[in-house]
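Worksheet: the structure to be examined is printed underneath.
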Amino acid sequence: MHIEIDRNVCIGAGQCALTAPGVFTQDDDGFSMLVPGREDGAGDPNVREAARACPVGAITVTEPAPADAPAD
């Protein structure tokens with residue numbers, strides 16, 4: 001799992017940190033950031049819900065392509 005936070009879009013609502021506190025936290029200014037060591041989502045089932053809960057859509061969650069997938 002790859003999690004990306006667009007810090008230019010984030011407004012610091014904190015919904016991600018409330019939904020998946022093991023993966024998301026907030027910096028000193030209140031903006032979203034990933035908990036160190038949890039950049040891959042750490043298997044937390046709430047990561048996608050946290051992305052959906054973001055009121056401005058600042059969080060993107062993607063799955064990497066399988067290693068045996070053909071290149072386009």
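Naming works like this for the structure tokens: A, B, ... for the chains as they're shown, residue 1 at the start of each chain, ligands 1 onward in shown order.
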
- Message: Could you pull out the strand (DSSP E) residues of chain A, going by DSSP on the backbone, and write them as a list of chain:residue names?
- Response: A:His2, A:Ile3, A:Glu4, A:Ile5, A:Phe24, A:Thr25, A:Gln26, A:Ser32, A:Met33, A:Leu34, A:Ile59, A:Thr60, A:Val61, A:Thr62

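Among the candidates A:Glu49, A:Met1, A:Gly57, A:Asp40, the residue lying nearest to Leu18 in chain A is A:Glu49 (atoms considered: only C-alpha atoms).
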
Excluding Gly22 in chain A and its own-chain neighbours fewer than 3 positions away, which residues fall within 10 Å of it when counting only C-alpha atoms? Please give them as a compact mmCIF listing (two decimals) with all heavy atoms, in the first residue's frame.
# COMPACT_ATOMS: atom_id res chain seq x y z
N ALA A 17 -6.30 11.32 11.30
CA ALA A 17 -5.69 10.94 12.58
C ALA A 17 -6.73 10.36 13.54
O ALA A 17 -6.41 9.49 14.34
CB ALA A 17 -4.98 12.14 13.21
N LEU A 18 -7.95 10.81 13.45
CA LEU A 18 -9.02 10.25 14.29
C LEU A 18 -9.44 8.87 13.81
O LEU A 18 -9.76 8.00 14.62
CB LEU A 18 -10.24 11.18 14.28
CG LEU A 18 -10.08 12.50 15.02
CD1 LEU A 18 -11.28 13.39 14.75
CD2 LEU A 18 -9.91 12.26 16.49
N THR A 19 -9.41 8.66 12.49
CA THR A 19 -9.87 7.40 11.91
C THR A 19 -8.81 6.30 11.98
O THR A 19 -9.14 5.15 12.26
CB THR A 19 -10.31 7.62 10.45
OG1 THR A 19 -11.30 8.66 10.42
CG2 THR A 19 -10.88 6.36 9.84
N THR A 25 -0.93 11.13 11.84
CA THR A 25 -0.82 12.04 12.97
C THR A 25 -0.84 13.45 12.40
O THR A 25 -1.05 13.63 11.20
CB THR A 25 0.45 11.75 13.79
OG1 THR A 25 0.42 12.52 14.99
CG2 THR A 25 1.72 12.04 13.01
N LEU A 34 2.27 11.16 8.09
CA LEU A 34 2.28 9.73 8.41
C LEU A 34 3.13 9.49 9.65
O LEU A 34 4.15 10.14 9.85
CB LEU A 34 2.83 8.93 7.23
CG LEU A 34 1.96 8.97 5.99
CD1 LEU A 34 2.71 8.40 4.79
CD2 LEU A 34 0.67 8.21 6.21
N VAL A 35 2.70 8.57 10.47
CA VAL A 35 3.47 8.17 11.65
C VAL A 35 4.75 7.52 11.13
O VAL A 35 4.69 6.66 10.25
CB VAL A 35 2.66 7.19 12.52
CG1 VAL A 35 3.53 6.61 13.62
CG2 VAL A 35 1.43 7.87 13.09
N PRO A 36 5.92 7.92 11.61
CA PRO A 36 7.16 7.31 11.16
C PRO A 36 7.13 5.79 11.29
O PRO A 36 6.69 5.25 12.30
CB PRO A 36 8.22 7.93 12.08
CG PRO A 36 7.62 9.26 12.48
CD PRO A 36 6.14 8.98 12.60
N ARG A 38 5.22 3.89 9.52
CA ARG A 38 3.89 3.40 9.11
C ARG A 38 3.52 3.88 7.71
O ARG A 38 2.36 3.91 7.34
CB ARG A 38 2.82 3.88 10.10
CG ARG A 38 3.05 3.48 11.53
CD ARG A 38 3.03 1.96 11.63
NE ARG A 38 3.28 1.52 12.99
CZ ARG A 38 2.44 0.80 13.70
NH1 ARG A 38 1.30 0.44 13.20
NH2 ARG A 38 2.77 0.44 14.92
N GLY A 41 1.08 1.89 5.65
CA GLY A 41 -0.24 1.64 6.22
C GLY A 41 -0.25 0.62 7.33
O GLY A 41 -1.24 0.46 8.02
N ALA A 42 0.85 -0.10 7.50
CA ALA A 42 1.03 -1.07 8.59
C ALA A 42 -0.14 -2.05 8.72
O ALA A 42 -0.44 -2.51 9.80
CB ALA A 42 1.25 -0.32 9.90
N GLY A 43 -0.79 -2.34 7.61
CA GLY A 43 -1.89 -3.29 7.64
C GLY A 43 -3.15 -2.78 8.32
O GLY A 43 -4.09 -3.54 8.56
N ASP A 44 -3.21 -1.49 8.62
CA ASP A 44 -4.37 -0.92 9.30
C ASP A 44 -5.58 -0.91 8.35
O ASP A 44 -5.53 -0.28 7.29
CB ASP A 44 -4.06 0.50 9.76
CG ASP A 44 -5.13 1.08 10.66
OD1 ASP A 44 -6.32 0.81 10.44
OD2 ASP A 44 -4.76 1.82 11.59
N ASN A 46 -8.22 0.67 8.53
CA ASN A 46 -8.92 1.96 8.51
C ASN A 46 -8.25 3.00 7.61
O ASN A 46 -8.74 4.13 7.51
CB ASN A 46 -9.03 2.51 9.92
CG ASN A 46 -9.93 1.66 10.78
OD1 ASN A 46 -10.97 1.20 10.33
ND2 ASN A 46 -9.52 1.42 12.01
N VAL A 47 -7.14 2.65 6.95
CA VAL A 47 -6.43 3.64 6.13
C VAL A 47 -7.30 4.18 5.01
O VAL A 47 -7.37 5.38 4.79
CB VAL A 47 -5.11 3.05 5.59
CG1 VAL A 47 -4.49 3.97 4.55
CG2 VAL A 47 -4.14 2.80 6.73

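With CA of Thr62 in chain A on one side and CA of His2 in chain A on the other, the separation reads 5.2 Å.
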
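Compared by their closest atoms to Ala13 in chain A, and using only C-alpha atoms, the residues A:Glu39, A:Ser32, A:Ala50, A:Asp27 rank with A:Ser32 nearest.
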
- Apply DSSP to the structure's backbone, then extract all residues of chain A labelled helix (DSSP H, G or I) and return them as a ChimeraX atom specification. /A:15-19,47-53

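Taking CA of Pro21 in chain A and CA of Pro55 in chain A as the two end points, the separation is 16.9 Å.
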
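Minimum atom-to-atom distances from A:Ala20, A:Val56, A:Ala51, A:Ala67 to Asn8 in chain A were compared using only C-alpha atoms, and the lowest value belongs to A:Val56.
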